[in-house]
file coords_13.json (JSON, C-alpha atoms)
[["chain", "number", "residue", "atom", "x", "y", "z"],
["A", 1, "MET", "CA", -9.27, -12.91, 4.93],
["A", 2, "SER", "CA", -10.52, -13.90, 8.33],
["A", 3, "THR", "CA", -9.77, -17.27, 9.80],
["A", 4, "THR", "CA", -12.38, -19.93, 9.07],
["A", 5, "HIS", "CA", -15.10, -20.14, 11.77],
["A", 6, "GLN", "CA", -13.74, -17.06, 13.51],
["A", 7, "SER", "CA", -16.48, -15.19, 15.37],
["A", 8, "THR", "CA", -17.21, -11.69, 14.10],
["A", 9, "VAL", "CA", -19.05, -8.61, 15.33],
["A", 10, "GLU", "CA", -20.69, -5.81, 13.34],
["A", 11, "VAL", "CA", -19.49, -2.24, 13.76],
["A", 12, "ASP", "CA", -20.79, 1.02, 12.27],
["A", 13, "LEU", "CA", -18.31, 2.91, 10.14],
["A", 14, "GLY", "CA", -19.80, 6.19, 8.94],
["A", 15, "GLY", "CA", -23.15, 4.54, 8.23],
["A", 16, "HIS", "CA", -21.64, 1.32, 6.85],
["A", 17, "LEU", "CA", -22.04, -1.89, 8.85],
["A", 18, "VAL", "CA", -18.86, -3.97, 8.57],
["A", 19, "THR", "CA", -17.84, -7.20, 10.25],
["A", 20, "VAL", "CA", -14.57, -7.46, 12.18],
["A", 21, "PRO", "CA", -13.04, -10.33, 14.20],
["A", 22, "LYS", "CA", -14.61, -10.63, 17.65],
["A", 23, "GLY", "CA", -11.98, -9.86, 20.27],
["A", 24, "GLY", "CA", -9.63, -8.53, 17.60],
["A", 25, "LEU", "CA", -7.71, -5.28, 17.84],
["A", 26, "TYR", "CA", -10.43, -3.17, 16.21],
["A", 27, "ASP", "CA", -13.21, -4.74, 18.30],
["A", 28, "ARG", "CA", -11.32, -4.03, 21.50],
["A", 29, "PHE", "CA", -9.54, -0.75, 20.81],
["A", 30, "ARG", "CA", -11.36, 1.06, 17.95],
["A", 31, "MET", "CA", -8.05, 2.29, 16.41],
["A", 32, "ASN", "CA", -6.60, 3.47, 19.75],
["A", 33, "THR", "CA", -4.67, 0.25, 20.37],
["A", 34, "ASP", "CA", -2.71, -0.30, 23.57],
["A", 35, "VAL", "CA", 0.89, -0.36, 22.31],
["A", 36, "ASP", "CA", 2.06, -2.11, 25.50],
["A", 37, "GLU", "CA", -0.21, -5.03, 24.65],
["A", 38, "ILE", "CA", 1.17, -5.14, 21.10],
["A", 39, "SER", "CA", 4.71, -5.30, 22.49],
["A", 40, "ARG", "CA", 3.84, -8.69, 23.99],
["A", 41, "ASP", "CA", 2.78, -10.15, 20.60],
["A", 42, "PRO", "CA", 5.52, -12.60, 19.51],
["A", 43, "ARG", "CA", 5.01, -11.61, 15.86],
["A", 44, "VAL", "CA", 6.00, -8.00, 16.57],
["A", 45, "SER", "CA", 9.72, -7.18, 16.88],
["A", 46, "GLY", "CA", 9.19, -4.03, 18.91],
["A", 47, "VAL", "CA", 7.01, -0.93, 19.23],
["A", 48, "ASP", "CA", 9.55, 1.91, 19.58],
["A", 49, "PHE", "CA", 8.58, 3.28, 16.16],
["A", 50, "PHE", "CA", 4.98, 3.76, 17.28],
["A", 51, "ARG", "CA", 5.84, 5.41, 20.58],
["A", 52, "THR", "CA", 7.28, 8.35, 18.59],
["A", 53, "LEU", "CA", 3.99, 8.82, 16.69],
["A", 54, "PRO", "CA", 1.16, 9.94, 18.97],
["A", 55, "LYS", "CA", -2.38, 9.20, 17.78],
["A", 56, "THR", "CA", -4.87, 12.02, 17.29],
["A", 57, "LYS", "CA", -8.65, 11.83, 17.35],
["A", 58, "VAL", "CA", -10.09, 13.38, 14.16],
["A", 59, "ASP", "CA", -13.40, 13.71, 12.35],
["A", 60, "SER", "CA", -13.46, 11.92, 8.98],
["A", 61, "PRO", "CA", -15.95, 10.82, 6.30],
["A", 62, "ILE", "CA", -16.24, 7.52, 8.23],
["A", 63, "GLY", "CA", -16.91, 9.22, 11.55],
["A", 64, "GLU", "CA", -14.63, 10.03, 14.47],
["A", 65, "THR", "CA", -11.42, 8.00, 14.33],
["A", 66, "TYR", "CA", -7.81, 7.94, 15.44],
["A", 67, "THR", "CA", -4.88, 8.63, 13.12],
["A", 68, "PRO", "CA", -2.36, 7.32, 12.14],
["A", 69, "ASN", "CA", -3.51, 3.77, 11.44],
["A", 70, "PHE", "CA", -0.73, 1.53, 12.80],
["A", 71, "TYR", "CA", 0.54, -1.65, 11.15],
["A", 72, "TYR", "CA", 2.74, -3.44, 13.68],
["A", 73, "ARG", "CA", 3.89, -6.31, 11.45],
["A", 74, "MET", "CA", 3.67, -6.20, 7.67],
["A", 75, "SER", "CA", 5.43, -7.38, 4.52],
["A", 76, "SER", "CA", 5.31, -6.07, 0.97],
["A", 77, "ALA", "CA", 6.54, -6.51, -2.58],
["A", 78, "ARG", "CA", 6.76, -3.94, -5.35],
["A", 79, "LEU", "CA", 7.65, -4.60, -8.97],
["A", 80, "THR", "CA", 8.50, -1.37, -10.82],
["A", 81, "MET", "CA", 8.29, -1.27, -14.61],
["A", 82, "LEU", "CA", 8.94, 1.15, -17.43],
["A", 83, "ALA", "CA", 5.99, 2.40, -19.47],
["A", 84, "ARG", "CA", 5.53, 5.07, -22.13],
["A", 85, "SER", "CA", 4.37, 8.42, -20.80],
["A", 86, "ARG", "CA", 1.64, 8.61, -23.46],
["A", 87, "ALA", "CA", -0.06, 5.51, -22.01],
["A", 88, "ILE", "CA", 0.46, 6.73, -18.46],
["A", 89, "ARG", "CA", -1.02, 10.17, -19.18],
["A", 90, "SER", "CA", -4.16, 8.55, -20.58],
["A", 91, "ARG", "CA", -4.85, 7.20, -17.06],
["A", 92, "LEU", "CA", -3.80, 10.22, -14.99],
["A", 93, "PRO", "CA", -6.00, 13.17, -14.00],
["A", 94, "GLY", "CA", -4.94, 16.30, -15.89],
["A", 95, "GLU", "CA", -3.45, 17.90, -12.78],
["A", 96, "LEU", "CA", -0.86, 15.13, -12.37],
["A", 97, "ALA", "CA", 2.13, 14.31, -14.57],
["A", 98, "PRO", "CA", 4.21, 11.12, -14.77],
["A", 99, "LEU", "CA", 7.63, 11.01, -13.14],
["A", 100, "GLU", "CA", 9.85, 10.43, -16.16],
["A", 101, "VAL", "CA", 13.18, 8.58, -16.08],
["A", 102, "ALA", "CA", 13.86, 9.55, -19.71],
["A", 103, "PRO", "CA", 11.91, 11.62, -22.25],
["A", 104, "GLY", "CA", 8.62, 9.83, -22.87],
["A", 105, "ILE", "CA", 9.29, 7.05, -20.32],
["A", 106, "GLY", "CA", 7.69, 6.80, -16.88],
["A", 107, "LEU", "CA", 7.36, 4.34, -14.01],
["A", 108, "VAL", "CA", 4.44, 2.11, -13.03],
["A", 109, "SER", "CA", 4.29, -0.58, -10.40],
["A", 110, "VAL", "CA", 2.33, -3.49, -9.03],
["A", 111, "MET", "CA", 2.39, -3.88, -5.27],
["A", 112, "PHE", "CA", 1.28, -6.51, -2.80],
["A", 113, "PHE", "CA", 0.90, -6.13, 0.96],
["A", 114, "ARG", "CA", 0.29, -8.47, 3.88],
["A", 115, "TYR", "CA", -0.69, -6.87, 7.18],
["A", 116, "ASP", "CA", -0.33, -9.52, 9.91],
["A", 117, "VAL", "CA", -0.90, -7.29, 12.94],
["A", 118, "CYS", "CA", -2.65, -3.94, 12.61],
["A", 119, "ASP", "CA", -5.29, -1.69, 14.17],
["A", 120, "ILE", "CA", -7.99, -3.00, 11.80],
["A", 121, "ASP", "CA", -6.86, -6.65, 12.04],
["A", 122, "PHE", "CA", -5.27, -8.94, 9.45],
["A", 123, "TYR", "CA", -5.80, -8.22, 5.76],
["A", 124, "THR", "CA", -4.03, -8.28, 2.42],
["A", 125, "GLU", "CA", -3.92, -5.71, -0.36],
["A", 126, "ALA", "CA", -2.71, -5.22, -3.94],
["A", 127, "ALA", "CA", -2.25, -2.14, -6.10],
["A", 128, "VAL", "CA", -1.44, -0.82, -9.54],
["A", 129, "GLY", "CA", 0.15, 2.61, -9.22],
["A", 130, "ILE", "CA", 1.85, 5.33, -11.22],
["A", 131, "ALA", "CA", 4.86, 7.34, -10.02],
["A", 132, "VAL", "CA", 3.94, 11.01, -10.42],
["A", 133, "ARG", "CA", 6.04, 14.15, -10.44],
["A", 134, "PRO", "CA", 5.84, 16.27, -7.31],
["A", 135, "ALA", "CA", 5.73, 20.02, -7.76],
["A", 136, "ARG", "CA", 9.25, 20.31, -6.34],
["A", 137, "HIS", "CA", 10.73, 17.66, -8.69],
["A", 138, "GLY", "CA", 13.99, 18.64, -10.33],
["A", 139, "LYS", "CA", 15.98, 16.87, -13.03],
["A", 140, "LEU", "CA", 17.16, 13.45, -11.95],
["A", 141, "GLY", "CA", 19.09, 10.92, -13.97],
["A", 142, "PHE", "CA", 17.87, 7.38, -14.55],
["A", 143, "VAL", "CA", 20.28, 5.84, -12.01],
["A", 144, "ASP", "CA", 19.41, 8.48, -9.41],
["A", 145, "LEU", "CA", 15.74, 7.72, -9.83],
["A", 146, "LEU", "CA", 16.24, 3.98, -9.50],
["A", 147, "ALA", "CA", 18.21, 4.59, -6.32],
["A", 148, "GLY", "CA", 15.41, 6.82, -5.09],
["A", 149, "LEU", "CA", 12.93, 4.01, -5.56],
["A", 150, "GLY", "CA", 14.70, 2.10, -2.83],
["A", 151, "ASN", "CA", 14.36, 5.06, -0.47],
["A", 152, "ASP", "CA", 10.65, 5.14, -1.27],
["A", 153, "HIS", "CA", 10.43, 8.91, -1.14],
["A", 154, "LEU", "CA", 7.99, 8.76, -4.00],
["A", 155, "GLU", "CA", 4.66, 10.29, -4.89],
["A", 156, "SER", "CA", 2.02, 8.15, -6.54],
["A", 157, "TYR", "CA", -1.43, 7.91, -8.03],
["A", 158, "VAL", "CA", -3.19, 4.58, -7.52],
["A", 159, "LEU", "CA", -5.49, 3.14, -10.19],
["A", 160, "SER", "CA", -6.74, 0.10, -8.26],
["A", 161, "LEU", "CA", -6.39, -1.12, -4.70],
["A", 162, "PRO", "CA", -8.29, -4.35, -3.90],
["A", 163, "VAL", "CA", -8.30, -5.58, -0.30],
["A", 164, "SER", "CA", -9.40, -8.72, 1.53],
["A", 165, "SER", "CA", -11.53, -7.24, 4.34],
["A", 166, "ASP", "CA", -14.70, -5.13, 4.60],
["A", 167, "ILE", "CA", -13.29, -2.65, 7.11],
["A", 168, "ALA", "CA", -10.22, -2.01, 4.95],
["A", 169, "GLN", "CA", -12.47, -1.39, 1.94],
["A", 170, "VAL", "CA", -14.80, 1.08, 3.69],
["A", 171, "ARG", "CA", -11.99, 2.94, 5.43],
["A", 172, "GLY", "CA", -9.89, 3.06, 2.27],
["A", 173, "HIS", "CA", -12.68, 4.06, -0.10],
["A", 174, "ASP", "CA", -14.80, 6.40, 2.02],
["A", 175, "GLY", "CA", -12.07, 7.68, 4.34],
["A", 176, "TYR", "CA", -9.13, 7.99, 1.97],
["A", 177, "GLY", "CA", -10.69, 8.19, -1.50],
["A", 178, "PHE", "CA", -8.85, 5.10, -2.79],
["A", 179, "PRO", "CA", -10.34, 2.83, -5.52],
["A", 180, "LYS", "CA", -10.87, -0.16, -3.22],
["A", 181, "TRP", "CA", -13.02, -3.25, -3.45],
["A", 182, "VAL", "CA", -13.08, -6.58, -1.57],
["A", 183, "THR", "CA", -11.87, -9.77, -3.21],
["A", 184, "GLU", "CA", -10.06, -13.02, -2.46],
["A", 185, "LEU", "CA", -6.42, -12.02, -2.12],
["A", 186, "ASP", "CA", -3.48, -14.14, -0.98],
["A", 187, "VAL", "CA", -0.02, -12.73, -0.25],
["A", 188, "ASP", "CA", 2.85, -14.85, 1.12],
["A", 189, "ILE", "CA", 6.29, -13.33, 1.54],
["A", 190, "ASP", "CA", 9.28, -14.96, 3.20],
["A", 191, "ALA", "CA", 13.06, -14.82, 2.82],
["A", 192, "THR", "CA", 13.09, -17.26, -0.11],
["A", 193, "ARG", "CA", 9.90, -16.69, -2.14],
["A", 194, "THR", "CA", 7.32, -13.99, -2.79],
["A", 195, "THR", "CA", 3.93, -15.09, -4.11],
["A", 196, "ALA", "CA", 0.62, -13.30, -4.50],
["A", 197, "ARG", "CA", -2.72, -13.96, -6.19],
["A", 198, "VAL", "CA", -5.69, -11.65, -6.61],
["A", 199, "ALA", "CA", -9.03, -13.13, -7.68],
["A", 200, "ASP", "CA", -11.48, -11.48, -10.08],
["A", 201, "ASP", "CA", -15.27, -11.35, -9.64],
["A", 202, "SER", "CA", -15.70, -14.93, -10.84],
["A", 203, "GLY", "CA", -12.95, -16.37, -8.63],
["A", 204, "GLU", "CA", -10.47, -16.74, -11.48],
["A", 205, "THR", "CA", -7.00, -15.18, -11.27],
["A", 206, "ASP", "CA", -7.00, -11.44, -11.91],
["A", 207, "LEU", "CA", -3.28, -10.89, -11.27],
["A", 208, "SER", "CA", -0.57, -13.11, -9.78],
["A", 209, "LEU", "CA", 3.13, -12.84, -8.99],
["A", 210, "SER", "CA", 5.74, -15.44, -8.16],
["A", 211, "VAL", "CA", 9.42, -14.54, -7.80],
["A", 212, "ALA", "CA", 12.47, -15.33, -5.70],
["A", 213, "THR", "CA", 12.76, -12.91, -2.77],
["A", 214, "PRO", "CA", 15.86, -10.70, -3.08],
["A", 215, "THR", "CA", 18.51, -11.24, -0.38],
["A", 216, "GLN", "CA", 17.32, -9.48, 2.76],
["A", 217, "THR", "CA", 19.23, -6.98, 4.90],
["A", 218, "GLY", "CA", 18.20, -6.32, 8.48],
["A", 219, "TYR", "CA", 17.84, -2.81, 9.90],
["A", 220, "ARG", "CA", 17.43, -1.48, 13.41],
["A", 221, "SER", "CA", 14.10, 0.17, 14.11],
["A", 222, "GLY", "CA", 14.18, 3.78, 12.95],
["A", 223, "ASP", "CA", 17.34, 3.46, 10.84],
["A", 224, "ARG", "CA", 15.47, 3.18, 7.55],
["A", 225, "VAL", "CA", 12.10, 4.92, 7.42],
["A", 226, "SER", "CA", 10.66, 5.49, 3.95],
["A", 227, "THR", "CA", 7.79, 7.74, 2.95],
["A", 228, "LEU", "CA", 5.19, 7.56, 0.22],
["A", 229, "THR", "CA", 2.67, 10.28, -0.63],
["A", 230, "SER", "CA", -0.46, 9.24, -2.52],
["A", 231, "TYR", "CA", -2.87, 11.66, -4.17],
["A", 232, "THR", "CA", -6.63, 11.10, -4.18],
["A", 233, "SER", "CA", -9.69, 13.19, -4.97],
["A", 234, "ILE", "CA", -12.30, 13.29, -2.19],
["A", 235, "LYS", "CA", -15.59, 15.08, -2.96],
["A", 236, "GLY", "CA", -13.92, 16.97, -5.80],
["A", 237, "GLY", "CA", -10.95, 18.22, -3.77],
["A", 238, "TRP", "CA", -7.37, 16.94, -3.94],
["A", 239, "HIS", "CA", -5.95, 15.25, -0.85],
["A", 240, "SER", "CA", -2.55, 13.74, -0.03],
["A", 241, "THR", "CA", -2.05, 10.69, 2.16],
["A", 242, "LEU", "CA", 1.29, 10.09, 3.86],
["A", 243, "SER", "CA", 2.50, 6.61, 4.77],
["A", 244, "GLN", "CA", 5.71, 6.01, 6.72],
["A", 245, "THR", "CA", 7.33, 2.57, 6.63],
["A", 246, "ASN", "CA", 9.80, 1.46, 9.28],
["A", 247, "ILE", "CA", 11.82, -1.11, 7.32],
["A", 248, "LEU", "CA", 13.25, -3.91, 9.46],
["A", 249, "SER", "CA", 14.26, -6.44, 6.78],
["A", 250, "ALA", "CA", 14.29, -5.74, 3.04],
["A", 251, "GLY", "CA", 16.09, -6.37, -0.23],
["A", 252, "SER", "CA", 16.04, -5.21, -3.84],
["A", 253, "ALA", "CA", 17.02, -6.43, -7.28],
["A", 254, "LEU", "CA", 17.69, -4.21, -10.29],
["A", 255, "PHE", "CA", 16.40, -5.62, -13.59],
["A", 256, "PRO", "CA", 15.12, -8.71, -11.74],
["A", 257, "ARG", "CA", 15.13, -12.11, -13.45],
["A", 258, "GLY", "CA", 12.66, -14.94, -13.12],
["A", 259, "VAL", "CA", 9.65, -12.70, -12.52],
["A", 260, "ASP", "CA", 6.43, -14.64, -13.14],
["A", 261, "LEU", "CA", 3.75, -11.94, -13.39],
["A", 262, "ARG", "CA", 0.46, -13.18, -14.88],
["A", 263, "THR", "CA", -2.55, -11.13, -15.88],
["A", 264, "GLY", "CA", -6.16, -12.23, -16.23],
["A", 265, "ARG", "CA", -9.43, -10.49, -17.02],
["A", 266, "GLY", "CA", -10.01, -8.59, -13.80],
["A", 267, "ARG", "CA", -9.86, -4.90, -13.03],
["A", 268, "LEU", "CA", -6.29, -5.00, -11.71],
["A", 269, "SER", "CA", -5.01, -6.64, -14.91],
["A", 270, "GLU", "CA", -7.00, -4.24, -17.10],
["A", 271, "ASP", "CA", -5.45, -1.27, -15.30],
["A", 272, "LEU", "CA", -1.96, -2.70, -15.70],
["A", 273, "ARG", "CA", -2.47, -3.51, -19.40],
["A", 274, "SER", "CA", -3.76, 0.02, -20.03],
["A", 275, "LEU", "CA", -0.32, 1.32, -19.01],
["A", 276, "SER", "CA", 1.53, -1.03, -21.45],
["A", 277, "PRO", "CA", 4.59, -1.67, -19.25],
["A", 278, "PHE", "CA", 7.49, -3.07, -21.28],
["A", 279, "LYS", "CA", 10.41, -3.73, -18.90],
["A", 280, "ASN", "CA", 10.86, -4.74, -15.25],
["A", 281, "VAL", "CA", 13.44, -2.42, -13.70],
["A", 282, "ARG", "CA", 13.31, -3.05, -9.96],
["A", 283, "LEU", "CA", 11.92, -5.51, -7.42],
["A", 284, "ASP", "CA", 11.66, -4.39, -3.79],
["A", 285, "VAL", "CA", 10.60, -6.88, -1.13],
["A", 286, "THR", "CA", 10.23, -6.14, 2.58],
["A", 287, "THR", "CA", 9.85, -9.32, 4.61],
["A", 288, "GLU", "CA", 9.38, -7.38, 7.83],
["A", 289, "GLY", "CA", 8.26, -3.81, 8.27],
["A", 290, "GLN", "CA", 5.97, -1.50, 10.23],
["A", 291, "LEU", "CA", 3.73, 1.22, 8.89],
["A", 292, "ALA", "CA", 1.97, 4.38, 9.97],
["A", 293, "LEU", "CA", -0.80, 5.46, 7.59],
["A", 294, "HIS", "CA", -2.00, 9.01, 8.20],
["A", 295, "MET", "CA", -5.47, 10.30, 7.34],
["A", 296, "PRO", "CA", -5.56, 12.31, 4.09],
["A", 297, "VAL", "CA", -5.20, 16.09, 4.24],
["A", 298, "PRO", "CA", -6.36, 18.67, 1.66],
["A", 299, "THR", "CA", -3.56, 19.64, -0.71],
["A", 300, "SER", "CA", -2.94, 21.99, -3.59],
["A", 301, "VAL", "CA", -2.18, 20.24, -6.88],
["A", 302, "PRO", "CA", -1.06, 22.78, -9.49],
["A", 303, "SER", "CA", -2.90, 22.68, -12.79],
["A", 304, "ARG", "CA", -0.78, 21.25, -15.62],
["A", 305, "LYS", "CA", -1.69, 22.33, -19.12]]
call {"tool": "encode", "arguments": {"input": "coords_13.json", "output": "structure tokens"}}
result
Amino acid sequence: MSTTHQSTVEVDLGGHLVTVPKGGLYDRFRMNTDVDEISRDPRVSGVDFFRTLPKTKVDSPIGETYTPNFYYRMSSARLTMLARSRAIRSRLPGELAPLEVAPGIGLVSVMFFRYDVCDIDFYTEAAVGIAVRPARHGKLGFVDLLAGLGNDHLESYVLSLPVSSDIAQVRGHDGYGFPKWVTELDVDIDATRTTARVADDSGETDLSLSVATPTQTGYRSGDRVSTLTSYTSIKGGWHSTLSQTNILSAGSALFPRGVDLRTGRGRLSEDLRSLSPFKNVRLDVTTEGQLALHMPVPTSVPSRK
């Protein structure tokens, strides 16, 4: 959410008028941000990660834009839970199948993100997602899969993805095919505590999380880069979106204790309840990271009978 009384300007995004902070990164650079200027921002540890990823100008459903979208300072939390494959399949398109850790048991997660410095300015985001099986997936044991969660080389299908800003909603929905809407959304993550609250249409709590932050480990830039591939359908065709996270400080807890996850009556809670999760298996919190979000590309998703 933008700072109170902050001046805004209107910009056209593929026929949608959205407001962005006046003098902010998007207003000044239109996605082609000067990385040297970012390097002088005291909130940003460094920009080496972004110098290895050149931006490309592309046509998209929201007009001409630059990709990847860079997030120079971000934090995130992901709570992964077990759920029965029958419930998961009821929410997946027929072409996708749940990633199972045991026969009839899959993985679902709730995620919260805070983007302090990025090409489209500050915003927050939440998600309910399902881990899906990639075409190349072989047999992995339960422990192997849990270890893999930490490496984030996962593939997912997102049911809901609320955000706190107009530009993030239009870009995410029209440009990427994600189920995004704008709502009041607070995410605060530090080395001791992780809290998040998503509001529903009436301002009441849709979904909230409060938990102790797992002990953090620092990493040098580039030493731990995780990837996540998300599948979306755009105009009837399957697309895959790659995100690369440069993890600078993170920690995890297996079978975490003291997790206060509360559901309400909003869309996020309804999506989570529809999956009937029954056990928390892993909490991953990144107190400092950087992200490159690539534009979606057409992909072949094999039909699964």
call {"tool": "atom_distance", "arguments": {"input": "coords_13.json", "atom1": "atom CA of A:Glu10", "atom2": "atom CA of A:Asp59"}}
result
20.9 Å
call {"tool": "atom_distance", "arguments": {"input": "coords_13.json", "atom1": "atom CA of A:Thr205", "atom2": "atom CA of A:Thr263"}}
result
7.6 Å
call {"tool": "closest_residue", "arguments": {"input": "coords_13.json", "among": "A:Asp166, A:Gly236, A:Val281, A:Phe255", "to": "A:Thr19", "atoms": "all atoms listed in the file"}}
result
A:Asp166
call {"tool": "closest_residue", "arguments": {"input": "coords_13.json", "among": "A:Ser230, A:Ser164, A:Thr213, A:Ser208", "to": "A:His294", "atoms": "only C-alpha atoms"}}
result
A:Ser230
call {"tool": "residues_near_point", "arguments": {"input": "coords_13.json", "point": "(-0.4, 1.9, -6.8)", "cutoff": "12 Å", "atoms": "all atoms listed in the file", "output": "PyMOL selection string"}}
result
chain A and resi 77-80+107-113+125-132+154-162+178-180+228-232+268+271-272
call {"tool": "closest_residue", "arguments": {"input": "coords_13.json", "among": "A:Ala168, A:Leu291, A:Val9, A:Val101", "to": "A:Ser226", "atoms": "all atoms listed in the file"}}
result
A:Leu291
call {"tool": "closest_residue", "arguments": {"input": "coords_13.json", "among": "A:Ala97, A:Val58, A:Val301, A:Met81", "to": "A:Ser233", "atoms": "only C-alpha atoms"}}
result
A:Val301
call {"tool": "closest_residue", "arguments": {"input": "coords_13.json", "among": "A:Arg171, A:Trp238, A:Ser39, A:Gly266", "to": "A:Glu95", "atoms": "only C-alpha atoms"}}
result
A:Trp238
call {"tool": "atom_distance", "arguments": {"input": "coords_13.json", "atom1": "atom CA of A:Val211", "atom2": "atom CA of A:Gly106"}}
result
23.3 Å
call {"tool": "residues_around", "arguments": {"input": "coords_13.json", "residues": "A:Arg224", "least_positions_apart": "2", "cutoff": "7 Å", "atoms": "all atoms listed in the file", "output": "mmCIF file with C-alpha atoms, in the frame of the given file"}}
result
data_model
loop_
_atom_site.group_PDB
_atom_site.id
_atom_site.type_symbol
_atom_site.label_atom_id
_atom_site.label_comp_id
_atom_site.auth_asym_id
_atom_site.auth_seq_id
_atom_site.Cartn_x
_atom_site.Cartn_y
_atom_site.Cartn_z
ATOM 1 C CA TYR A 219 17.840 -2.810 9.900
ATOM 2 C CA GLY A 222 14.180 3.780 12.950
ATOM 3 C CA SER A 226 10.660 5.490 3.950
ATOM 4 C CA ASN A 246 9.800 1.460 9.280
ATOM 5 C CA ILE A 247 11.820 -1.110 7.320
#
call {"tool": "residues_around", "arguments": {"input": "coords_13.json", "residues": "stretch 46-49 of chain A", "least_positions_apart": "5", "cutoff": "10 Å", "atoms": "all atoms listed in the file", "output": "count of residues only"}}
result
17
call {"tool": "closest_residue", "arguments": {"input": "coords_13.json", "among": "A:Gly264, A:Gly24, A:Pro93, A:Pro98", "to": "A:Asp200", "atoms": "all atoms listed in the file"}}
result
A:Gly264
call {"tool": "residues_near_point", "arguments": {"input": "coords_13.json", "point": "(6.0, -15.7, -13.6)", "cutoff": "10 Å", "atoms": "only C-alpha atoms", "output": "list in words"}}
result
Thr195, Ser208, Leu209, Ser210, Val211, Arg257, Gly258, Val259, Asp260, Leu261, Arg262 and Thr263 of chain A
call {"tool": "build_atoms", "arguments": {"input": "coords_13.json", "residues": "stretch 258-263 of chain A", "atoms": "all heavy atoms", "output": "short mmCIF file (atom, residue, chain, number, x, y, z; two decimals), in the frame of the given file"}}
result
data_model
loop_
_atom_site.label_atom_id
_atom_site.label_comp_id
_atom_site.auth_asym_id
_atom_site.auth_seq_id
_atom_site.Cartn_x
_atom_site.Cartn_y
_atom_site.Cartn_z
N GLY A 258 13.55 -13.91 -13.63
CA GLY A 258 12.66 -14.94 -13.12
C GLY A 258 11.37 -14.42 -12.53
O GLY A 258 10.79 -15.04 -11.63
N VAL A 259 10.90 -13.27 -13.01
CA VAL A 259 9.65 -12.70 -12.52
C VAL A 259 8.48 -13.33 -13.26
O VAL A 259 8.37 -13.21 -14.48
CB VAL A 259 9.63 -11.17 -12.72
CG1 VAL A 259 8.28 -10.60 -12.27
CG2 VAL A 259 10.76 -10.51 -11.96
N ASP A 260 7.61 -14.03 -12.54
CA ASP A 260 6.43 -14.64 -13.14
C ASP A 260 5.21 -13.80 -12.76
O ASP A 260 4.60 -14.01 -11.71
CB ASP A 260 6.28 -16.08 -12.65
CG ASP A 260 5.12 -16.82 -13.33
OD1 ASP A 260 4.55 -16.25 -14.28
OD2 ASP A 260 4.81 -17.95 -12.91
N LEU A 261 4.89 -12.82 -13.61
CA LEU A 261 3.75 -11.94 -13.39
C LEU A 261 2.68 -12.30 -14.42
O LEU A 261 2.92 -12.19 -15.62
CB LEU A 261 4.16 -10.47 -13.53
CG LEU A 261 3.05 -9.43 -13.31
CD1 LEU A 261 2.62 -9.39 -11.85
CD2 LEU A 261 3.52 -8.05 -13.76
N ARG A 262 1.52 -12.73 -13.96
CA ARG A 262 0.46 -13.18 -14.88
C ARG A 262 -0.78 -12.31 -14.74
O ARG A 262 -1.20 -11.99 -13.63
CB ARG A 262 0.11 -14.64 -14.61
CG ARG A 262 1.33 -15.55 -14.76
CD ARG A 262 0.96 -17.01 -14.71
NE ARG A 262 2.15 -17.84 -14.77
CZ ARG A 262 2.15 -19.15 -14.99
NH1 ARG A 262 0.98 -19.76 -15.16
NH2 ARG A 262 3.27 -19.83 -15.04
N THR A 263 -1.34 -11.95 -15.87
CA THR A 263 -2.55 -11.13 -15.88
C THR A 263 -3.74 -11.97 -16.32
O THR A 263 -3.60 -12.96 -17.04
CB THR A 263 -2.40 -9.93 -16.82
OG1 THR A 263 -2.04 -10.40 -18.12
CG2 THR A 263 -1.33 -8.97 -16.33
#
